[in-house]
>>> print(open('data.txt').read())   # compact mmCIF, C-alpha atoms
# COMPACT_ATOMS: atom_id res chain seq x y z
CA MET Z 73 62.16 111.17 103.03
CA SER Z 74 60.61 114.01 105.08
CA ASP Z 75 60.72 115.28 108.64
CA ALA Z 76 57.23 114.66 110.13
CA ARG Z 77 57.67 117.53 112.55
CA VAL Z 78 58.16 120.27 109.96
CA GLY Z 79 57.02 118.61 106.75
CA THR Z 80 60.14 119.60 104.80
CA PRO Z 81 62.37 117.26 102.80
CA ILE Z 82 65.54 115.98 104.48
CA PRO Z 83 68.42 116.09 102.00
CA ALA Z 84 70.11 112.78 101.24
CA ALA Z 85 73.45 112.61 102.96
CA GLY Z 86 76.37 114.17 101.13
CA PRO Z 87 80.08 113.68 101.80
CA SER Z 88 80.26 112.62 105.42
CA PHE Z 89 83.89 111.67 106.04
CA SER Z 90 87.21 111.85 104.26
CA PHE Z 91 90.91 111.31 104.84
CA GLY Z 92 94.15 111.40 102.92
CA PHE Z 93 97.83 110.69 103.39
CA ASN Z 94 101.14 111.19 101.64
CA MET Z 95 103.99 108.82 102.52
CA GLY Z 96 107.43 109.70 101.13
CA LYS Z 97 110.11 107.02 100.96
CA ILE Z 98 112.63 109.76 101.74
CA PRO Z 99 111.37 112.15 104.43
CA ASP Z 100 110.82 115.69 103.14
CA HIS Z 101 111.74 114.59 99.62
CA GLY Z 102 108.73 112.50 98.63
CA GLU Z 103 107.69 113.33 95.09
CA ASP Z 104 103.94 112.79 95.61
CA ALA Z 105 102.04 115.93 96.63
CA ASP Z 106 99.64 116.07 99.55
CA PRO Z 107 96.21 114.89 98.33
CA ILE Z 108 93.24 117.16 97.64
CA LEU Z 109 90.25 116.75 99.98
CA ARG Z 110 87.37 119.25 99.78
CA ASP Z 111 83.67 118.71 100.40
CA GLY Z 112 80.38 120.49 100.91
CA PRO Z 113 76.72 119.44 101.16
CA ASP Z 114 76.39 119.07 97.39
CA LEU Z 115 80.02 118.97 96.22
CA GLY Z 116 83.17 116.95 96.66
CA LEU Z 117 86.72 117.13 95.36
CA VAL Z 118 89.51 114.55 95.77
CA GLY Z 119 92.81 114.16 93.96
CA VAL Z 120 96.41 112.91 93.97
CA PHE Z 121 99.56 113.93 92.07
CA ASP Z 122 102.63 111.76 91.58
CA GLY Z 123 105.82 113.56 90.56
CA MET Z 124 107.67 111.36 88.07
CA GLY Z 125 111.10 110.87 89.59
CA GLY Z 126 112.64 109.02 86.65
CA ALA Z 127 111.66 111.46 83.95
CA GLY Z 128 111.92 114.45 86.28
CA GLY Z 129 115.04 113.59 88.23
CA THR Z 130 116.77 116.90 87.48
CA VAL Z 131 117.56 118.68 90.75
CA TYR Z 132 116.93 122.41 91.07
CA GLU Z 133 118.02 124.89 93.72
CA THR Z 134 114.98 126.35 95.48
CA ASP Z 135 114.35 128.48 98.56
CA ASP Z 136 113.67 125.21 100.42
CA GLY Z 137 116.93 123.66 99.26
CA PRO Z 138 117.62 121.22 96.41
CA ARG Z 139 114.43 119.69 95.01
CA SER Z 140 113.82 117.37 92.08
CA GLY Z 141 111.70 118.47 89.14
CA ALA Z 142 109.19 115.75 90.07
CA TYR Z 143 108.83 117.12 93.61
CA ILE Z 144 108.22 120.65 92.31
CA ALA Z 145 105.84 119.59 89.54
CA SER Z 146 103.41 117.57 91.66
CA ARG Z 147 102.96 120.44 94.10
CA ILE Z 148 102.47 123.10 91.45
CA ALA Z 149 99.91 120.94 89.62
CA ARG Z 150 98.08 120.20 92.86
CA ASP Z 151 97.74 123.86 93.84
CA VAL Z 152 96.63 124.91 90.37
CA VAL Z 153 94.02 122.16 90.04
CA GLU Z 154 92.59 122.74 93.50
CA ASP Z 155 92.21 126.49 92.85
CA ARG Z 156 90.65 126.02 89.42
CA MET Z 157 88.25 123.25 90.47
CA LEU Z 158 87.01 125.28 93.41
CA GLU Z 159 86.15 127.97 90.88
CA LEU Z 160 84.60 125.60 88.35
CA LEU Z 161 82.57 123.34 90.67
CA GLU Z 162 79.30 125.04 91.55
CA PRO Z 163 76.28 123.43 93.20
CA ASP Z 164 73.77 125.25 91.00
CA TRP Z 165 74.95 124.27 87.52
CA ASN Z 166 76.37 121.21 85.82
CA LEU Z 167 80.09 121.26 85.20
CA ARG Z 168 81.10 121.19 81.54
CA GLY Z 169 83.71 118.49 81.83
CA GLU Z 170 85.52 118.87 78.50
CA ALA Z 171 85.85 122.61 78.98
CA ALA Z 172 87.08 122.07 82.53
CA ALA Z 173 89.73 119.60 81.28
CA ALA Z 174 90.96 122.19 78.76
CA ASP Z 175 91.04 124.83 81.50
CA LEU Z 176 93.11 122.59 83.77
CA HIS Z 177 95.50 121.86 80.91
CA ARG Z 178 96.10 125.54 80.16
CA SER Z 179 96.43 126.50 83.80
CA MET Z 180 98.91 123.76 84.70
CA GLN Z 181 101.00 124.20 81.57
CA LYS Z 182 101.30 127.95 82.16
CA ALA Z 183 102.22 127.56 85.83
CA LEU Z 184 104.82 124.87 85.14
CA GLN Z 185 106.44 126.82 82.29
CA GLU Z 186 106.65 129.95 84.41
CA ARG Z 187 108.21 128.03 87.28
CA LEU Z 188 110.73 126.38 84.97
CA ALA Z 189 111.80 129.79 83.70
CA GLU Z 190 112.23 131.01 87.28
CA LEU Z 191 114.45 128.05 88.13
CA LYS Z 192 116.88 129.02 85.33
CA ALA Z 193 117.96 125.45 84.89
CA PRO Z 194 120.99 124.82 82.65
CA THR Z 195 120.25 123.11 79.37
CA SER Z 196 120.87 119.41 79.70
CA ARG Z 197 123.14 117.64 77.24
CA LEU Z 198 121.01 114.54 77.54
CA ARG Z 199 118.46 114.05 74.81
CA SER Z 200 115.76 111.47 75.46
CA LYS Z 201 112.04 111.19 74.92
CA LEU Z 202 111.84 109.86 78.47
CA LEU Z 203 113.19 113.07 80.03
CA ARG Z 204 110.76 115.84 80.89
CA ALA Z 205 110.91 119.13 82.73
CA LEU Z 206 108.72 119.18 85.86
CA PRO Z 207 106.65 116.04 85.11
CA THR Z 208 103.76 114.70 87.20
CA THR Z 209 100.71 112.47 86.95
CA MET Z 210 97.24 113.39 88.19
CA ALA Z 211 93.97 111.72 89.19
CA VAL Z 212 91.15 114.02 90.32
CA MET Z 213 87.40 113.60 90.86
CA GLY Z 214 84.92 116.44 91.15
CA LEU Z 215 81.54 115.49 92.60
CA GLN Z 216 78.22 117.30 92.05
CA ARG Z 217 74.82 116.30 93.30
CA SER Z 218 72.73 115.73 90.18
CA HIS Z 219 69.44 116.88 91.70
CA ARG Z 220 68.80 118.99 94.74
CA ASP Z 221 68.37 116.76 97.82
CA GLY Z 222 68.84 113.64 95.71
CA SER Z 223 71.08 110.62 96.18
CA ARG Z 224 72.38 110.65 92.60
CA TRP Z 225 75.72 112.29 91.91
CA SER Z 226 77.67 113.29 88.82
CA CYS Z 227 81.33 112.33 89.16
CA HIS Z 228 83.74 114.22 86.86
CA VAL Z 229 87.01 112.34 86.47
CA PHE Z 230 90.20 114.09 85.25
CA TRP Z 231 93.54 112.33 84.91
CA ALA Z 232 96.90 112.14 83.17
CA GLY Z 233 99.40 109.29 83.61
CA ASP Z 234 99.00 106.18 85.74
CA SER Z 235 97.58 107.51 89.00
CA ARG Z 236 94.07 106.12 89.39
CA ALA Z 237 90.54 107.15 90.35
CA TYR Z 238 88.12 104.58 91.80
CA VAL Z 239 84.63 104.30 93.18
CA ILE Z 240 83.76 101.54 95.64
CA GLU Z 241 80.12 100.54 95.77
CA ALA Z 242 78.43 97.93 97.92
CA ASN Z 243 79.15 95.22 95.34
CA GLY Z 244 82.74 96.12 94.48
CA ILE Z 245 85.38 98.55 93.28
CA ARG Z 246 85.39 100.25 89.85
CA GLN Z 247 88.37 101.93 88.22
CA LEU Z 248 87.25 105.20 86.62
CA SER Z 249 90.50 106.35 84.98
CA THR Z 250 92.47 104.58 82.24
CA ASP Z 251 96.23 104.16 82.67
CA ASP Z 252 98.17 106.30 80.17
CA LEU Z 253 100.88 103.77 79.28
CA ARG Z 254 102.77 103.12 76.06
CA ASP Z 255 101.91 99.42 76.23
CA SER Z 256 98.27 99.62 77.15
CA GLY Z 257 96.68 96.75 79.01
CA ASP Z 258 94.10 96.10 81.67
CA ALA Z 259 94.76 96.74 85.36
CA MET Z 260 96.09 93.23 86.01
CA THR Z 261 98.42 93.30 83.00
CA ASN Z 262 99.76 96.72 83.91
CA LEU Z 263 100.74 95.44 87.36
CA HIS Z 264 103.11 92.89 85.85
CA GLN Z 265 104.58 94.74 82.87
CA ASP Z 266 107.03 97.62 83.10
CA SER Z 267 105.60 100.12 80.63
CA VAL Z 268 106.45 103.79 80.13
CA VAL Z 269 103.91 106.50 80.95
CA SER Z 270 102.74 107.87 77.60
CA ASN Z 271 100.96 111.02 78.80
CA ALA Z 272 102.19 113.11 81.72
CA ILE Z 273 101.74 116.73 82.74
CA SER Z 274 105.00 118.67 82.21
CA ALA Z 275 106.50 122.05 81.34
CA ASP Z 276 108.26 121.14 78.10
CA THR Z 277 106.23 118.38 76.39
CA GLU Z 278 102.68 118.30 75.10
CA PHE Z 279 100.11 116.47 77.20
CA HIS Z 280 96.36 116.20 77.53
CA VAL Z 281 93.96 115.94 80.45
CA ASN Z 282 91.59 112.99 80.09
CA TYR Z 283 87.99 113.36 81.14
CA ARG Z 284 85.16 110.96 81.94
CA ARG Z 285 81.78 111.49 83.61
CA VAL Z 286 79.92 108.77 85.50
CA GLU Z 287 76.64 108.83 87.40
CA LEU Z 288 76.71 107.34 90.90
CA ASP Z 289 74.05 106.49 93.47
CA ALA Z 290 74.98 107.00 97.11
CA PRO Z 291 76.29 105.46 99.26
CA PHE Z 292 79.79 104.95 97.85
CA LEU Z 293 83.46 105.67 98.45
CA LEU Z 294 85.65 107.77 96.16
CA VAL Z 295 89.34 106.85 96.12
CA CYS Z 296 92.26 108.49 94.31
CA ALA Z 297 95.66 106.79 94.59
CA THR Z 298 99.16 107.06 93.17
CA ASP Z 299 100.80 103.87 91.94
CA GLY Z 300 102.74 103.44 95.18
CA CYS Z 301 99.44 102.43 96.79
CA PHE Z 302 98.36 99.70 94.36
CA GLY Z 303 101.39 98.94 92.19
CA TYR Z 304 103.10 96.57 94.64
CA LEU Z 305 100.11 94.35 95.38
CA PRO Z 306 99.49 91.02 93.62
CA SER Z 307 96.25 92.08 91.91
CA PRO Z 308 93.56 94.78 91.70
CA MET Z 309 91.42 92.50 93.87
CA HIS Z 310 93.99 92.72 96.64
CA PHE Z 311 93.80 96.52 96.49
CA GLU Z 312 90.04 96.48 97.08
CA ARG Z 313 90.50 93.97 99.87
CA LEU Z 314 93.22 96.11 101.47
CA ILE Z 315 90.90 99.13 101.66
CA LEU Z 316 87.93 97.19 103.00
CA LYS Z 317 89.97 95.06 105.41
CA CYS Z 318 91.49 98.16 107.00
CA LEU Z 319 88.01 99.72 107.21
CA ASP Z 320 86.60 96.61 108.86
CA GLY Z 321 89.30 96.53 111.51
CA ALA Z 322 89.26 100.24 112.35
CA SER Z 323 87.29 101.99 115.07
CA SER Z 324 87.57 105.45 113.53
CA VAL Z 325 88.40 107.26 110.31
CA ASP Z 326 91.86 108.08 111.65
CA GLY Z 327 92.38 104.44 112.56
CA TRP Z 328 91.39 103.40 109.05
CA SER Z 329 93.89 105.83 107.55
CA ALA Z 330 96.65 104.65 109.89
CA ALA Z 331 95.99 100.99 109.07
CA LEU Z 332 96.18 101.68 105.34
CA GLN Z 333 99.45 103.52 105.75
CA ARG Z 334 100.95 100.62 107.72
CA GLU Z 335 99.85 98.01 105.20
CA ILE Z 336 100.93 99.99 102.14
CA GLY Z 337 104.19 101.07 103.76
CA ALA Z 338 105.07 97.42 104.41
CA VAL Z 339 104.98 96.47 100.72
CA THR Z 340 105.47 99.57 98.58
CA GLY Z 341 108.74 100.55 96.96
CA ASP Z 342 107.62 104.07 96.08
CA ASP Z 343 106.05 107.21 97.52
CA ALA Z 344 102.33 106.66 98.14
CA ALA Z 345 99.47 109.14 98.34
CA MET Z 346 95.75 108.46 98.68
CA SER Z 347 92.55 110.46 99.20
CA VAL Z 348 89.27 108.82 100.28
CA MET Z 349 85.79 110.30 100.60
CA GLY Z 350 82.64 108.60 101.86
CA VAL Z 351 79.34 109.79 100.40
CA GLY Z 352 75.87 108.92 101.65
CA ALA Z 353 76.95 107.08 104.81
CA ASN Z 354 78.88 107.89 107.96
CA PHE Z 355 81.85 105.82 109.11
CA ARG Z 356 79.83 103.33 111.16
CA SER Z 357 77.31 102.85 108.34
CA ALA Z 358 80.12 102.39 105.83
CA LYS Z 359 81.62 99.59 107.93
CA ALA Z 360 78.29 97.78 107.97
CA LEU Z 361 77.69 98.44 104.27
CA PHE Z 362 80.96 96.95 103.06
CA ALA Z 363 81.31 94.05 105.53
CA PRO Z 364 79.37 91.60 103.29
CA ARG Z 365 81.48 92.58 100.30
CA LEU Z 366 84.66 91.93 102.27
CA ARG Z 367 83.48 88.44 103.26
CA GLU Z 368 82.49 87.66 99.68
CA LEU Z 369 85.79 88.97 98.34
CA ASP Z 370 87.80 86.93 100.82
CA ALA Z 371 85.91 83.69 100.19
CA ASP Z 372 85.41 83.82 96.44
CA VAL Z 373 88.44 85.76 95.17
CA ILE Z 374 91.30 86.35 97.59
CA THR Z 375 91.43 82.88 99.20
CA PRO Z 376 91.73 81.04 95.85
CA LEU Z 377 94.36 83.55 94.68
CA ASP Z 378 96.38 83.32 97.88
CA ASP Z 379 96.11 79.51 97.97
CA ALA Z 380 97.45 79.33 94.42
CA ALA Z 381 100.28 81.72 95.29
CA ALA Z 382 101.11 79.70 98.42
CA ALA Z 383 101.22 76.48 96.38
CA VAL Z 384 103.66 78.09 93.94
CA ALA Z 385 105.80 79.32 96.84
CA ARG Z 386 105.90 75.81 98.36
CA ALA Z 387 106.80 74.29 95.00
CA GLU Z 388 109.57 76.84 94.51
CA ARG Z 389 110.99 76.06 97.97
CA GLU Z 390 110.84 72.33 97.25
CA LEU Z 391 112.44 72.88 93.86
CA ASP Z 392 115.21 74.90 95.49
CA GLN Z 393 115.83 72.07 97.96
CA LEU Z 394 115.87 69.51 95.16
CA ARG Z 395 118.36 71.59 93.21
CA ARG Z 396 120.68 71.80 96.23
CA HIS Z 397 120.31 68.02 96.70
CA GLN Z 398 121.11 67.49 93.03
CA VAL Z 399 124.33 69.47 93.41
CA ASP Z 400 125.32 67.42 96.48
CA VAL Z 401 124.60 64.08 94.75
CA ALA Z 402 126.49 65.14 91.64
CA ALA Z 403 129.53 66.13 93.73
CA THR Z 404 129.50 62.82 95.65
CA GLN Z 405 129.15 60.67 92.55
CA TRP Z 406 131.78 62.59 90.64
CA ASN Z 407 134.34 62.31 93.42
CA ALA Z 408 133.86 58.51 93.43
CA TYR Z 409 133.89 58.30 89.63
CA LYS Z 410 136.71 60.64 88.74
CA THR Z 411 139.60 58.39 89.88
CA GLY Z 412 138.96 55.91 87.11
CA TYR Z 413 137.78 58.58 84.70
CA GLU Z 414 141.06 60.52 85.03
CA LYS Z 415 143.36 57.48 85.19
CA PHE Z 416 145.39 58.30 82.11
CA LEU Z 417 145.29 62.06 82.62
CA HIS Z 418 147.97 61.74 85.34
CA GLN Z 419 150.41 59.46 83.40
CA GLU Z 420 152.23 62.29 81.71
CA SER Z 421 153.19 63.81 85.04
CA THR Z 422 154.25 60.32 86.30
CA ALA Z 423 156.46 59.71 83.25
CA SER Z 424 157.96 63.13 83.71
CA ASP Z 425 158.69 62.30 87.34
CA GLU Z 426 160.43 59.02 86.30
CA SER Z 427 162.55 60.89 83.74
CA ASP Z 428 163.61 63.33 86.42
CA LEU Z 429 164.44 60.37 88.66
CA GLU Z 430 166.77 58.85 86.00
CA VAL Z 431 168.56 62.17 85.60
CA ASN Z 432 168.95 62.41 89.35
CA GLU Z 433 170.29 58.83 89.51
CA GLU Z 434 172.85 59.62 86.83
CA GLU Z 435 173.93 62.69 88.72
CA SER Z 436 174.21 60.58 91.88
CA ILE Z 437 176.42 58.05 90.13
CA THR Z 438 178.62 60.84 88.91
CA GLU Z 439 178.91 62.14 92.42
CA MET Z 440 179.73 58.62 93.68
CA ILE Z 441 182.65 58.08 91.34
CA GLU Z 442 184.21 61.45 91.98
CA PRO Z 443 186.63 60.97 94.88
CA THR Z 444 186.27 63.28 97.81
CA GLY Z 445 188.63 66.11 97.41
CA SER Z 446 189.63 64.91 93.89
CA ASP Z 447 191.33 67.38 91.70
CA ASP Z 448 190.15 68.40 88.24
CA SER Z 449 193.25 66.87 86.63
CA ALA Z 450 191.99 63.24 87.03
CA PRO Z 451 191.96 61.43 83.69
CA GLU Z 452 188.55 61.41 81.94
CA GLU Z 453 189.16 57.77 80.90
CA GLU Z 454 188.75 56.58 84.49
CA THR Z 455 185.35 58.26 84.77
CA GLU Z 456 184.09 56.78 81.50
CA ALA Z 457 185.29 53.30 82.49
CA LEU Z 458 183.46 53.44 85.78
CA LEU Z 459 180.24 54.62 84.08
CA ALA Z 460 180.43 51.81 81.53
CA SER Z 461 181.00 49.23 84.23
CA ASN Z 462 178.05 50.47 86.24
CA ALA Z 463 175.81 50.47 83.16
CA ASP Z 464 176.68 46.84 82.37
CA ALA Z 465 175.82 45.86 85.92
CA THR Z 466 172.47 47.62 85.68
CA ILE Z 467 171.58 45.91 82.39
CA ALA Z 468 172.49 42.52 83.77
CA THR Z 469 170.13 42.88 86.71
CA GLU Z 470 167.22 43.78 84.45
CA VAL Z 471 167.41 40.55 82.37
CA PRO Z 472 165.54 37.62 83.98
CA THR Z 473 167.51 34.49 84.76
CA GLY Z 474 167.63 32.11 81.77
CA ALA Z 475 166.23 34.69 79.39
CA SER Z 476 168.01 35.65 76.24
CA ALA Z 477 169.16 39.15 75.81
CA GLU Z 478 169.01 38.78 72.05
CA PRO Z 479 166.72 41.31 70.27
CA ILE Z 480 163.21 40.12 69.25
CA THR Z 481 163.01 39.60 65.51
CA GLN Z 482 160.14 40.85 63.33
CA SER Z 483 158.82 37.32 62.77
CA GLU Z 484 158.67 36.61 66.46
CA TRP Z 485 156.63 39.83 67.07
CA ARG Z 486 154.05 38.71 64.61
>>> encode(input="data.txt", output="structure tokens")
Amino acid sequence: MSDARVGTPIPAAGPSFSFGFNMGKIPDHGEDADPILRDGPDLGLVGVFDGMGGAGGTVYETDDGPRSGAYIASRIARDVVEDRMLELLEPDWNLRGEAAAADLHRSMQKALQERLAELKAPTSRLRSKLLRALPTTMAVMGLQRSHRDGSRWSCHVFWAGDSRAYVIEANGIRQLSTDDLRDSGDAMTNLHQDSVVSNAISADTEFHVNYRRVELDAPFLLVCATDGCFGYLPSPMHFERLILKCLDGASSVDGWSAALQREIGAVTGDDAAMSVMGVGANFRSAKALFAPRLRELDADVITPLDDAAAAVARAERELDQLRRHQVDVAATQWNAYKTGYEKFLHQESTASDESDLEVNEEESITEMIEPTGSDDSAPEEETEALLASNADATIATEVPTGASAEPITQSEWR
């Protein structure tokens, strides 16, 4: 395209807007670093760093107070990578990606090891492959215009760990980094399995910086995100929809950023950092560009997914109600049934009660025959005679009138 007034080419639009945020679950102690956001007419740089709180939970005393190794690591790595990439990215020559990845590796490793030595941390007695000194993940994209004034761009992707780099084009989102996990799977699988990060930047363990180069045609969006942004959503499709839905409802770049922070903050259980850069379109044009994709995504993907999830939720609620009803019915039926069921289980206690009653009756008889104020010198024969007489009377009352008191013989029993 040319300007008719001067007859000179008009360069295709470069990076035209960008924003980033860093939300810590604990204020001033979030372990994600502030994102990288740099751009020029022919260059762009975005990145995020997620300090690994589990592996790097050791707390060090610093000039700013106690800080975890994860907190320190993400910020050191961020500063080193930003400085090095600003040196390496030049508009007039193509970046050698593999060499740049090696440079970033050396620079970060050196900075982290030096900082660890400065901290003078005591040697831990814990020995585990999961523990690291100053560990962090990284996802960074360096952007170079492939040809002067052109709309084609070379995107250099560098990463380590499970933070992700994406590009969003008019027809959908593309993940550009591969999750470094011990149990490797696709993006959907990795959302639902709890796997250990297999490759992370750190001061005391070996790591590598992955590299990939892709060619992109403007317009597009570049997005880098830590797992707190996408890891608590139902699917990768919901992550794309979240970004585009917030864009569609915003009236400015700041409003878009604020909407994303609200939505992510409502569901995430982790720190969350994101950097976004729009290339080849301004904010208003980007809204118009991605509106059809949002409608398509909602109708063809998200609605069926959400309907299925809602059906499962209803079934689970109904099942929960049925289980409570089952417990109530079982209790009612058992209470009505148990009287007959336990009929003979209570006889032993009844027989025991009757035996106690006989003993008590005998004691009462003894008390009856002892005269009030009687002395202990009364003859024992009188007591025995009275007991025998009372016993005969009792036996006589138990034999029915006209019945023989003779014992039943063996032949009669048969």
>>> residues_around(input="data.txt", residues="stretch 227-240 of chain Z", least_positions_apart="3", cutoff="8 Å", atoms="all atoms listed in the file", output="ChimeraX atom specification")
/Z:120-122,169,173,208-216,243-253,269-273,280-288,292-299
>>> residues_around(input="data.txt", residues="stretch 261-265 of chain Z", least_positions_apart="5", cutoff="12 Å", atoms="only C-alpha atoms", output="mmCIF file with C-alpha atoms, in the coordinates of the input")
data_model
loop_
_atom_site.group_PDB
_atom_site.id
_atom_site.type_symbol
_atom_site.label_atom_id
_atom_site.label_comp_id
_atom_site.auth_asym_id
_atom_site.auth_seq_id
_atom_site.Cartn_x
_atom_site.Cartn_y
_atom_site.Cartn_z
ATOM 1 C CA ASP Z 234 99.000 106.180 85.740
ATOM 2 C CA THR Z 250 92.470 104.580 82.240
ATOM 3 C CA ASP Z 251 96.230 104.160 82.670
ATOM 4 C CA ASP Z 252 98.170 106.300 80.170
ATOM 5 C CA LEU Z 253 100.880 103.770 79.280
ATOM 6 C CA ARG Z 254 102.770 103.120 76.060
ATOM 7 C CA ASP Z 255 101.910 99.420 76.230
ATOM 8 C CA SER Z 256 98.270 99.620 77.150
ATOM 9 C CA ASP Z 299 100.800 103.870 91.940
ATOM 10 C CA GLY Z 300 102.740 103.440 95.180
ATOM 11 C CA CYS Z 301 99.440 102.430 96.790
ATOM 12 C CA PHE Z 302 98.360 99.700 94.360
ATOM 13 C CA GLY Z 303 101.390 98.940 92.190
ATOM 14 C CA TYR Z 304 103.100 96.570 94.640
ATOM 15 C CA LEU Z 305 100.110 94.350 95.380
ATOM 16 C CA PRO Z 306 99.490 91.020 93.620
ATOM 17 C CA SER Z 307 96.250 92.080 91.910
ATOM 18 C CA PRO Z 308 93.560 94.780 91.700
ATOM 19 C CA MET Z 309 91.420 92.500 93.870
ATOM 20 C CA HIS Z 310 93.990 92.720 96.640
ATOM 21 C CA PHE Z 311 93.800 96.520 96.490
#
>>> atom_distance(input="data.txt", atom1="atom CA of Z:Leu188", atom2="atom CA of Z:Gly102")
19.6 Å
>>> atom_distance(input="data.txt", atom1="atom CA of Z:Val401", atom2="atom CA of Z:Tyr413")
17.5 Å
>>> atom_distance(input="data.txt", atom1="atom CA of Z:Ala171", atom2="atom CA of Z:Met157")
11.8 Å
